file entry35.cif (mmCIF, N, CA and C atoms)
data_input
loop_
_atom_site.label_atom_id
_atom_site.label_comp_id
_atom_site.auth_asym_id
_atom_site.auth_seq_id
_atom_site.Cartn_x
_atom_site.Cartn_y
_atom_site.Cartn_z
N ALA Q 249 75.15 73.74 125.84
CA ALA Q 249 75.93 72.70 126.51
C ALA Q 249 75.08 72.07 127.60
N LYS Q 250 75.20 70.79 127.73
CA LYS Q 250 74.50 70.07 128.79
C LYS Q 250 75.33 70.07 130.06
N ALA Q 251 76.64 69.90 129.91
CA ALA Q 251 77.50 69.82 131.09
C ALA Q 251 78.90 70.32 130.74
N ALA Q 252 79.58 70.83 131.75
CA ALA Q 252 80.96 71.30 131.62
C ALA Q 252 81.65 71.06 132.95
N GLN Q 253 82.90 71.39 133.04
CA GLN Q 253 83.63 71.30 134.30
C GLN Q 253 84.26 72.64 134.61
N LEU Q 254 84.44 72.89 135.90
CA LEU Q 254 85.29 74.00 136.29
C LEU Q 254 86.72 73.52 136.09
N PRO Q 255 87.59 74.36 135.59
CA PRO Q 255 88.92 73.89 135.20
C PRO Q 255 89.84 73.60 136.38
N GLY Q 256 90.83 72.80 136.10
CA GLY Q 256 91.86 72.51 137.08
C GLY Q 256 93.21 72.97 136.56
N SER Q 257 94.21 72.91 137.39
CA SER Q 257 95.57 73.20 136.97
C SER Q 257 96.53 72.48 137.91
N THR Q 258 97.74 72.31 137.44
CA THR Q 258 98.76 71.57 138.19
C THR Q 258 100.05 72.37 138.18
N ILE Q 259 100.69 72.45 139.33
CA ILE Q 259 102.05 72.99 139.38
C ILE Q 259 102.98 71.78 139.49
N ASN Q 260 103.78 71.61 138.45
CA ASN Q 260 104.70 70.47 138.42
C ASN Q 260 105.85 70.71 139.39
N THR Q 261 106.45 69.62 139.83
CA THR Q 261 107.59 69.73 140.74
C THR Q 261 108.89 69.42 140.00
N VAL Q 262 109.94 70.05 140.46
CA VAL Q 262 111.28 69.83 139.91
C VAL Q 262 112.13 69.26 141.05
N PRO Q 263 112.47 67.98 140.96
CA PRO Q 263 113.28 67.40 142.05
C PRO Q 263 114.76 67.74 141.87
N MET Q 264 115.41 68.09 142.95
CA MET Q 264 116.85 68.32 142.99
C MET Q 264 117.40 67.48 144.14
N TYR Q 265 118.61 66.98 143.96
CA TYR Q 265 119.18 66.12 144.99
C TYR Q 265 120.32 66.86 145.71
N TYR Q 266 120.26 66.82 147.02
CA TYR Q 266 121.27 67.47 147.86
C TYR Q 266 121.67 66.48 148.95
N PHE Q 267 122.94 66.09 148.95
CA PHE Q 267 123.44 65.11 149.90
C PHE Q 267 122.60 63.83 149.89
N GLY Q 268 122.19 63.39 148.68
CA GLY Q 268 121.45 62.15 148.56
C GLY Q 268 119.97 62.24 148.89
N ARG Q 269 119.50 63.40 149.26
CA ARG Q 269 118.08 63.55 149.60
C ARG Q 269 117.39 64.36 148.51
N GLU Q 270 116.21 63.91 148.14
CA GLU Q 270 115.43 64.63 147.13
C GLU Q 270 114.76 65.85 147.76
N THR Q 271 114.99 66.99 147.13
CA THR Q 271 114.34 68.24 147.53
C THR Q 271 113.48 68.69 146.36
N LYS Q 272 112.27 69.08 146.63
CA LYS Q 272 111.34 69.43 145.56
C LYS Q 272 111.12 70.94 145.49
N PHE Q 273 111.11 71.45 144.27
CA PHE Q 273 110.85 72.86 144.02
C PHE Q 273 109.67 73.00 143.08
N ALA Q 274 108.98 74.11 143.20
CA ALA Q 274 107.84 74.37 142.32
C ALA Q 274 108.33 74.63 140.90
N GLY Q 275 107.66 74.01 139.94
CA GLY Q 275 108.00 74.17 138.53
C GLY Q 275 106.94 74.98 137.80
N ASN Q 276 106.72 74.64 136.57
CA ASN Q 276 105.75 75.35 135.73
C ASN Q 276 104.33 74.85 135.98
N ARG Q 277 103.39 75.73 135.74
CA ARG Q 277 101.98 75.38 135.84
C ARG Q 277 101.53 74.80 134.50
N SER Q 278 100.68 73.78 134.56
CA SER Q 278 100.07 73.23 133.35
C SER Q 278 98.57 73.17 133.56
N PHE Q 279 97.84 73.21 132.45
CA PHE Q 279 96.38 73.25 132.49
C PHE Q 279 95.82 72.04 131.76
N ALA Q 280 94.91 71.33 132.40
CA ALA Q 280 94.29 70.16 131.79
C ALA Q 280 93.32 70.58 130.70
N GLN Q 281 93.10 69.69 129.75
CA GLN Q 281 92.13 69.97 128.69
C GLN Q 281 90.74 70.13 129.29
N TRP Q 282 89.87 70.80 128.55
CA TRP Q 282 88.53 71.12 129.03
C TRP Q 282 87.51 70.49 128.10
N SER Q 283 86.49 69.84 128.67
CA SER Q 283 85.48 69.16 127.86
C SER Q 283 84.08 69.68 128.14
N LEU Q 284 83.27 69.67 127.10
CA LEU Q 284 81.86 70.01 127.18
C LEU Q 284 81.04 68.83 126.70
N THR Q 285 79.88 68.61 127.29
CA THR Q 285 78.90 67.69 126.74
C THR Q 285 77.82 68.54 126.10
N ILE Q 286 77.57 68.30 124.83
CA ILE Q 286 76.65 69.14 124.05
C ILE Q 286 75.45 68.32 123.61
N ILE Q 287 74.26 68.87 123.76
CA ILE Q 287 73.04 68.25 123.26
C ILE Q 287 72.93 68.60 121.78
N ASN Q 288 72.78 67.58 120.95
CA ASN Q 288 72.73 67.79 119.51
C ASN Q 288 71.33 68.24 119.08
N ASP Q 289 71.27 69.21 118.19
CA ASP Q 289 70.00 69.61 117.61
C ASP Q 289 69.88 68.98 116.22
N GLU Q 290 68.68 68.93 115.67
CA GLU Q 290 68.46 68.25 114.39
C GLU Q 290 69.11 68.99 113.22
N ASP Q 291 69.46 70.25 113.40
CA ASP Q 291 70.16 70.99 112.35
C ASP Q 291 71.67 70.85 112.47
N PHE Q 292 72.15 70.22 113.53
CA PHE Q 292 73.58 70.03 113.77
C PHE Q 292 74.33 71.37 113.80
N THR Q 293 73.70 72.42 114.27
CA THR Q 293 74.27 73.76 114.23
C THR Q 293 75.61 73.84 114.96
N ILE Q 294 75.64 73.39 116.20
CA ILE Q 294 76.88 73.48 116.98
C ILE Q 294 77.91 72.50 116.46
N ARG Q 295 77.50 71.28 116.17
CA ARG Q 295 78.45 70.28 115.68
C ARG Q 295 79.08 70.73 114.36
N ASN Q 296 78.27 71.25 113.43
CA ASN Q 296 78.81 71.73 112.16
C ASN Q 296 79.81 72.87 112.38
N SER Q 297 79.51 73.74 113.34
CA SER Q 297 80.43 74.84 113.65
C SER Q 297 81.75 74.31 114.20
N MET Q 298 81.67 73.32 115.09
CA MET Q 298 82.89 72.73 115.66
C MET Q 298 83.71 72.03 114.58
N GLU Q 299 83.02 71.29 113.70
CA GLU Q 299 83.73 70.60 112.61
C GLU Q 299 84.40 71.61 111.68
N SER Q 300 83.71 72.70 111.37
CA SER Q 300 84.29 73.74 110.51
C SER Q 300 85.49 74.39 111.17
N TRP Q 301 85.38 74.66 112.48
CA TRP Q 301 86.48 75.27 113.23
C TRP Q 301 87.71 74.36 113.17
N MET Q 302 87.51 73.07 113.46
CA MET Q 302 88.63 72.14 113.42
C MET Q 302 89.19 72.00 112.01
N ASN Q 303 88.31 72.01 111.00
CA ASN Q 303 88.76 71.88 109.62
C ASN Q 303 89.59 73.08 109.18
N SER Q 304 89.30 74.27 109.74
CA SER Q 304 90.10 75.45 109.40
C SER Q 304 91.51 75.35 110.00
N ILE Q 305 91.64 74.62 111.10
CA ILE Q 305 92.94 74.42 111.73
C ILE Q 305 93.74 73.36 110.96
N ASN Q 306 93.06 72.29 110.56
CA ASN Q 306 93.72 71.21 109.82
C ASN Q 306 92.65 70.45 109.04
N SER Q 307 92.71 70.52 107.72
CA SER Q 307 91.68 69.90 106.89
C SER Q 307 91.82 68.37 106.86
N HIS Q 308 90.69 67.72 106.59
CA HIS Q 308 90.67 66.26 106.58
C HIS Q 308 91.54 65.68 105.47
N ALA Q 309 91.27 66.05 104.25
CA ALA Q 309 91.94 65.41 103.11
C ALA Q 309 93.33 65.98 102.86
N GLY Q 310 93.46 67.29 102.89
CA GLY Q 310 94.73 67.90 102.53
C GLY Q 310 95.74 68.01 103.64
N ASN Q 311 95.28 67.83 104.90
CA ASN Q 311 96.16 67.99 106.06
C ASN Q 311 96.79 69.39 106.05
N LEU Q 312 95.99 70.37 105.65
CA LEU Q 312 96.46 71.75 105.54
C LEU Q 312 95.61 72.68 106.37
N ARG Q 313 96.19 73.78 106.79
CA ARG Q 313 95.48 74.82 107.52
C ARG Q 313 94.81 75.74 106.50
N ASN Q 314 93.66 76.29 106.86
CA ASN Q 314 92.95 77.25 106.01
C ASN Q 314 93.86 78.43 105.73
N ILE Q 315 93.81 78.95 104.51
CA ILE Q 315 94.69 80.05 104.09
C ILE Q 315 94.49 81.31 104.95
N ASN Q 316 93.30 81.49 105.53
CA ASN Q 316 93.04 82.66 106.36
C ASN Q 316 93.52 82.49 107.80
N VAL Q 317 93.95 81.30 108.15
CA VAL Q 317 94.43 81.02 109.51
C VAL Q 317 95.95 81.12 109.49
N LYS Q 318 96.45 82.31 109.83
CA LYS Q 318 97.89 82.57 109.72
C LYS Q 318 98.62 82.52 111.06
N THR Q 319 97.92 82.84 112.14
CA THR Q 319 98.53 82.86 113.46
C THR Q 319 97.62 82.13 114.45
N PRO Q 320 98.14 81.74 115.60
CA PRO Q 320 97.27 81.08 116.59
C PRO Q 320 96.04 81.91 116.97
N THR Q 321 96.16 83.23 116.98
CA THR Q 321 94.98 84.04 117.32
C THR Q 321 93.91 83.97 116.23
N SER Q 322 94.26 83.46 115.05
CA SER Q 322 93.28 83.28 113.97
C SER Q 322 92.36 82.09 114.22
N TYR Q 323 92.82 81.10 114.97
CA TYR Q 323 92.00 79.91 115.18
C TYR Q 323 91.62 79.68 116.65
N THR Q 324 92.03 80.57 117.54
CA THR Q 324 91.66 80.43 118.95
C THR Q 324 90.61 81.46 119.32
N SER Q 325 89.99 81.21 120.45
CA SER Q 325 88.97 82.13 120.96
C SER Q 325 89.03 82.10 122.48
N ASP Q 326 88.47 83.09 123.12
CA ASP Q 326 88.30 83.08 124.57
C ASP Q 326 86.90 82.60 124.88
N ALA Q 327 86.73 81.94 126.00
CA ALA Q 327 85.42 81.41 126.38
C ALA Q 327 85.21 81.55 127.88
N LEU Q 328 83.96 81.56 128.29
CA LEU Q 328 83.60 81.63 129.70
C LEU Q 328 82.80 80.41 130.10
N VAL Q 329 83.06 79.90 131.30
CA VAL Q 329 82.19 78.90 131.91
C VAL Q 329 81.72 79.49 133.23
N THR Q 330 80.42 79.40 133.46
CA THR Q 330 79.81 80.01 134.64
C THR Q 330 79.06 78.95 135.43
N GLN Q 331 79.29 78.93 136.74
CA GLN Q 331 78.52 78.07 137.62
C GLN Q 331 77.45 78.93 138.28
N PHE Q 332 76.20 78.49 138.16
CA PHE Q 332 75.07 79.23 138.72
C PHE Q 332 74.56 78.56 139.99
N GLY Q 333 74.07 79.37 140.91
CA GLY Q 333 73.43 78.86 142.12
C GLY Q 333 71.96 78.57 141.85
N LYS Q 334 71.26 78.07 142.84
CA LYS Q 334 69.84 77.72 142.69
C LYS Q 334 68.96 78.92 142.41
N THR Q 335 69.40 80.11 142.81
CA THR Q 335 68.62 81.32 142.56
C THR Q 335 68.97 81.97 141.22
N GLY Q 336 69.92 81.37 140.50
CA GLY Q 336 70.33 81.93 139.21
C GLY Q 336 71.50 82.89 139.32
N ASP Q 337 71.98 83.12 140.53
CA ASP Q 337 73.14 83.99 140.72
C ASP Q 337 74.42 83.28 140.28
N THR Q 338 75.37 84.05 139.79
CA THR Q 338 76.67 83.50 139.40
C THR Q 338 77.48 83.21 140.66
N LEU Q 339 77.92 81.95 140.79
CA LEU Q 339 78.75 81.56 141.92
C LEU Q 339 80.24 81.66 141.58
N LYS Q 340 80.59 81.24 140.36
CA LYS Q 340 81.99 81.20 139.96
C LYS Q 340 82.03 81.30 138.44
N GLU Q 341 83.05 82.00 137.93
CA GLU Q 341 83.19 82.16 136.49
C GLU Q 341 84.66 82.07 136.12
N TYR Q 342 84.93 81.33 135.06
CA TYR Q 342 86.30 81.17 134.55
C TYR Q 342 86.36 81.61 133.10
N LYS Q 343 87.44 82.28 132.75
CA LYS Q 343 87.69 82.67 131.37
C LYS Q 343 88.83 81.82 130.85
N PHE Q 344 88.59 81.14 129.73
CA PHE Q 344 89.62 80.37 129.06
C PHE Q 344 90.24 81.25 127.98
N VAL Q 345 91.54 81.34 127.96
CA VAL Q 345 92.26 82.20 127.02
C VAL Q 345 92.93 81.32 125.96
N GLY Q 346 92.71 81.67 124.69
CA GLY Q 346 93.35 80.94 123.59
C GLY Q 346 92.81 79.53 123.40
N LEU Q 347 91.51 79.38 123.47
CA LEU Q 347 90.86 78.07 123.42
C LEU Q 347 90.63 77.63 121.98
N PHE Q 348 90.78 76.32 121.71
CA PHE Q 348 90.48 75.76 120.39
C PHE Q 348 90.11 74.28 120.55
N PRO Q 349 89.24 73.76 119.67
CA PRO Q 349 88.81 72.36 119.81
C PRO Q 349 89.89 71.40 119.33
N ILE Q 350 90.03 70.29 120.04
CA ILE Q 350 90.99 69.26 119.62
C ILE Q 350 90.32 67.90 119.42
N ASP Q 351 89.07 67.73 119.88
CA ASP Q 351 88.40 66.45 119.72
C ASP Q 351 86.88 66.66 119.72
N ILE Q 352 86.22 66.11 118.73
CA ILE Q 352 84.76 66.05 118.70
C ILE Q 352 84.38 64.60 118.87
N GLY Q 353 83.59 64.32 119.90
CA GLY Q 353 83.22 62.94 120.20
C GLY Q 353 82.19 62.39 119.24
N THR Q 354 82.00 61.10 119.33
CA THR Q 354 81.04 60.41 118.48
C THR Q 354 79.62 60.66 118.96
N ILE Q 355 78.67 60.41 118.07
CA ILE Q 355 77.25 60.39 118.41
C ILE Q 355 76.78 58.97 118.14
N ASP Q 356 76.32 58.29 119.16
CA ASP Q 356 75.83 56.93 119.00
C ASP Q 356 74.47 56.95 118.32
N LEU Q 357 74.33 56.11 117.31
CA LEU Q 357 73.06 55.96 116.59
C LEU Q 357 72.57 54.53 116.79
N GLY Q 358 71.30 54.39 117.06
CA GLY Q 358 70.73 53.06 117.21
C GLY Q 358 69.24 53.14 117.48
N TRP Q 359 68.50 52.14 116.97
CA TRP Q 359 67.06 52.13 117.17
C TRP Q 359 66.70 51.93 118.63
N ASP Q 360 67.60 51.36 119.41
CA ASP Q 360 67.32 51.15 120.83
C ASP Q 360 67.48 52.42 121.66
N GLN Q 361 67.87 53.51 121.03
CA GLN Q 361 68.06 54.77 121.74
C GLN Q 361 66.96 55.77 121.40
N ASN Q 362 65.76 55.28 121.13
CA ASN Q 362 64.68 56.18 120.70
C ASN Q 362 64.15 57.06 121.82
N ASP Q 363 64.43 56.74 123.05
CA ASP Q 363 63.96 57.56 124.17
C ASP Q 363 65.09 58.39 124.78
N SER Q 364 66.11 58.70 123.99
CA SER Q 364 67.20 59.52 124.50
C SER Q 364 67.55 60.61 123.48
N ILE Q 365 68.13 61.66 123.99
CA ILE Q 365 68.53 62.79 123.15
C ILE Q 365 69.98 62.60 122.76
N GLU Q 366 70.30 62.88 121.49
CA GLU Q 366 71.68 62.77 121.05
C GLU Q 366 72.55 63.78 121.78
N GLU Q 367 73.71 63.31 122.20
CA GLU Q 367 74.69 64.21 122.80
C GLU Q 367 76.09 63.72 122.46
N TYR Q 368 77.04 64.61 122.56
CA TYR Q 368 78.44 64.29 122.25
C TYR Q 368 79.32 65.24 123.04
N SER Q 369 80.59 64.92 123.09
CA SER Q 369 81.52 65.77 123.82
C SER Q 369 82.45 66.48 122.85
N VAL Q 370 82.91 67.64 123.27
CA VAL Q 370 83.95 68.37 122.54
C VAL Q 370 85.03 68.70 123.57
N THR Q 371 86.27 68.38 123.23
CA THR Q 371 87.40 68.65 124.10
C THR Q 371 88.21 69.79 123.52
N PHE Q 372 88.59 70.71 124.38
CA PHE Q 372 89.34 71.90 123.99
C PHE Q 372 90.69 71.91 124.70
N ASP Q 373 91.65 72.52 124.05
CA ASP Q 373 92.89 72.89 124.71
C ASP Q 373 92.93 74.42 124.73
N TYR Q 374 93.73 74.98 125.59
CA TYR Q 374 93.76 76.44 125.76
C TYR Q 374 95.09 76.81 126.39
N GLN Q 375 95.38 78.10 126.44
CA GLN Q 375 96.65 78.56 126.98
C GLN Q 375 96.63 78.62 128.51
N TRP Q 376 95.60 79.25 129.08
CA TRP Q 376 95.45 79.33 130.53
C TRP Q 376 94.03 79.76 130.83
N TRP Q 377 93.65 79.67 132.11
CA TRP Q 377 92.37 80.20 132.55
C TRP Q 377 92.59 81.29 133.59
N GLU Q 378 91.58 82.16 133.69
CA GLU Q 378 91.57 83.24 134.69
C GLU Q 378 90.24 83.22 135.40
N SER Q 379 90.24 83.68 136.64
CA SER Q 379 89.00 83.83 137.40
C SER Q 379 89.08 85.11 138.22
N ALA Q 380 88.05 85.93 138.10
CA ALA Q 380 88.04 87.20 138.83
C ALA Q 380 87.91 86.97 140.33
N THR Q 381 87.42 85.78 140.74
CA THR Q 381 87.23 85.53 142.16
C THR Q 381 88.40 84.78 142.78
N THR Q 382 89.44 84.49 142.00
CA THR Q 382 90.63 83.83 142.52
C THR Q 382 91.71 84.88 142.75
N THR Q 383 92.20 84.95 143.98
CA THR Q 383 93.24 85.94 144.28
C THR Q 383 94.57 85.27 144.49
#
call {"tool": "encode", "arguments": {"input": "entry35.cif", "output": "structure tokens"}}
result
Amino acid sequence: AKAAQLPGSTINTVPMYYFGRETKFAGNRSFAQWSLTIINDEDFTIRNSMESWMNSINSHAGNLRNINVKTPTSYTSDALVTQFGKTGDTLKEYKFVGLFPIDIGTIDLGWDQNDSIEEYSVTFDYQWWESATTT
């Protein structure tokens, strides 16, 4: 991966009205989708893997799930994103639980891009994230 983000989350509010005044209460937590920017190799190793993963969830032509994918745990995985300091030490680490790809970005092709490396994005959805350094 060339680039990633540390994840975010949102606690939604539930408004209730009391004597005409809005009072807000904490609601459910939601997690934003997570994206990676990936440098493409000439063998398309990572891209082919992502395409196969997505195809096992829902095939292009048949609009069907792979016969071996019976439960969400069959097509999800856990993943880690780590932020490193200048000395190579780990500063922060997040674990994504129940992650699966939902979008593979395009790769621009053109003769005017001969001095650049191919890259594309992959967007994932997941159930939640955890961090050992968050209390």
call {"tool": "residues_around", "arguments": {"input": "entry35.cif", "residues": "segment 369-379 of chain Q", "least_positions_apart": "2", "cutoff": "6 Å", "atoms": "all atoms listed in the file", "output": "ChimeraX atom specification"}}
result
/Q:281-286,341-354,367,381-382
call {"tool": "select_by_dssp", "arguments": {"input": "entry35.cif", "residues": "chain Q", "states": "helix (DSSP H, G or I)", "output": "PyMOL selection string"}}
result
chain Q and resi 293-305+320-323+359-361
call {"tool": "closest_residue", "arguments": {"input": "entry35.cif", "among": "Q:Asp356, Q:Ala380, Q:Arg295, Q:Ile365", "to": "Lys340 of chain Q", "atoms": "only N, CA and C atoms"}}
result
Q:Ala380
call {"tool": "atom_distance", "arguments": {"input": "entry35.cif", "atom1": "atom CA of Trp359 of chain Q", "atom2": "atom CA of Ala252 of chain Q"}}
result
27.7 Å
call {"tool": "atom_distance", "arguments": {"input": "entry35.cif", "atom1": "atom C of Ser307 of chain Q", "atom2": "atom C of Thr321 of chain Q"}}
result
18.3 Å
call {"tool": "atom_distance", "arguments": {"input": "entry35.cif", "atom1": "atom C of Gln361 of chain Q", "atom2": "atom CA of Asn296 of chain Q"}}
result
21.9 Å
call {"tool": "select_by_dssp", "arguments": {"input": "entry35.cif", "residues": "chain Q", "states": "strand (DSSP E)", "output": "PyMOL selection string"}}
result
chain Q and resi 257-266+269-279+282-287+325-332+338-352+367-373+376-378
call {"tool": "axis_aligned_box", "arguments": {"input": "entry35.cif", "around": "segment 330-344 of chain Q", "padding_each_side": "8 Å", "output": "AutoDock Vina command-line options"}}
result
--center_x 79.4 --center_y 80.9 --center_z 135.4 --size_x 37.6 --size_y 22.3 --size_z 30.9
call {"tool": "residues_around", "arguments": {"input": "entry35.cif", "residues": "Ser364 of chain Q", "least_positions_apart": "4", "cutoff": "12 Å", "atoms": "only C-alpha atoms", "output": "MDAnalysis selection string"}}
result
chainID Q and resid 287:288 355:360
call {"tool": "closest_residue", "arguments": {"input": "entry35.cif", "among": "Q:Gln253, Q:Asn260, Q:Ser304, Q:Thr335", "to": "Pro320 of chain Q", "atoms": "only C-alpha atoms"}}
result
Q:Ser304
call {"tool": "resolve_selection", "arguments": {"input": "entry35.cif", "expression": "the PyMOL selection byres (((chain Q and resi 270-279 and name CA) around 8) and name CA)", "output": "ChimeraX atom specification"}}
result
/Q:255-266,268-269,280-281,374-376
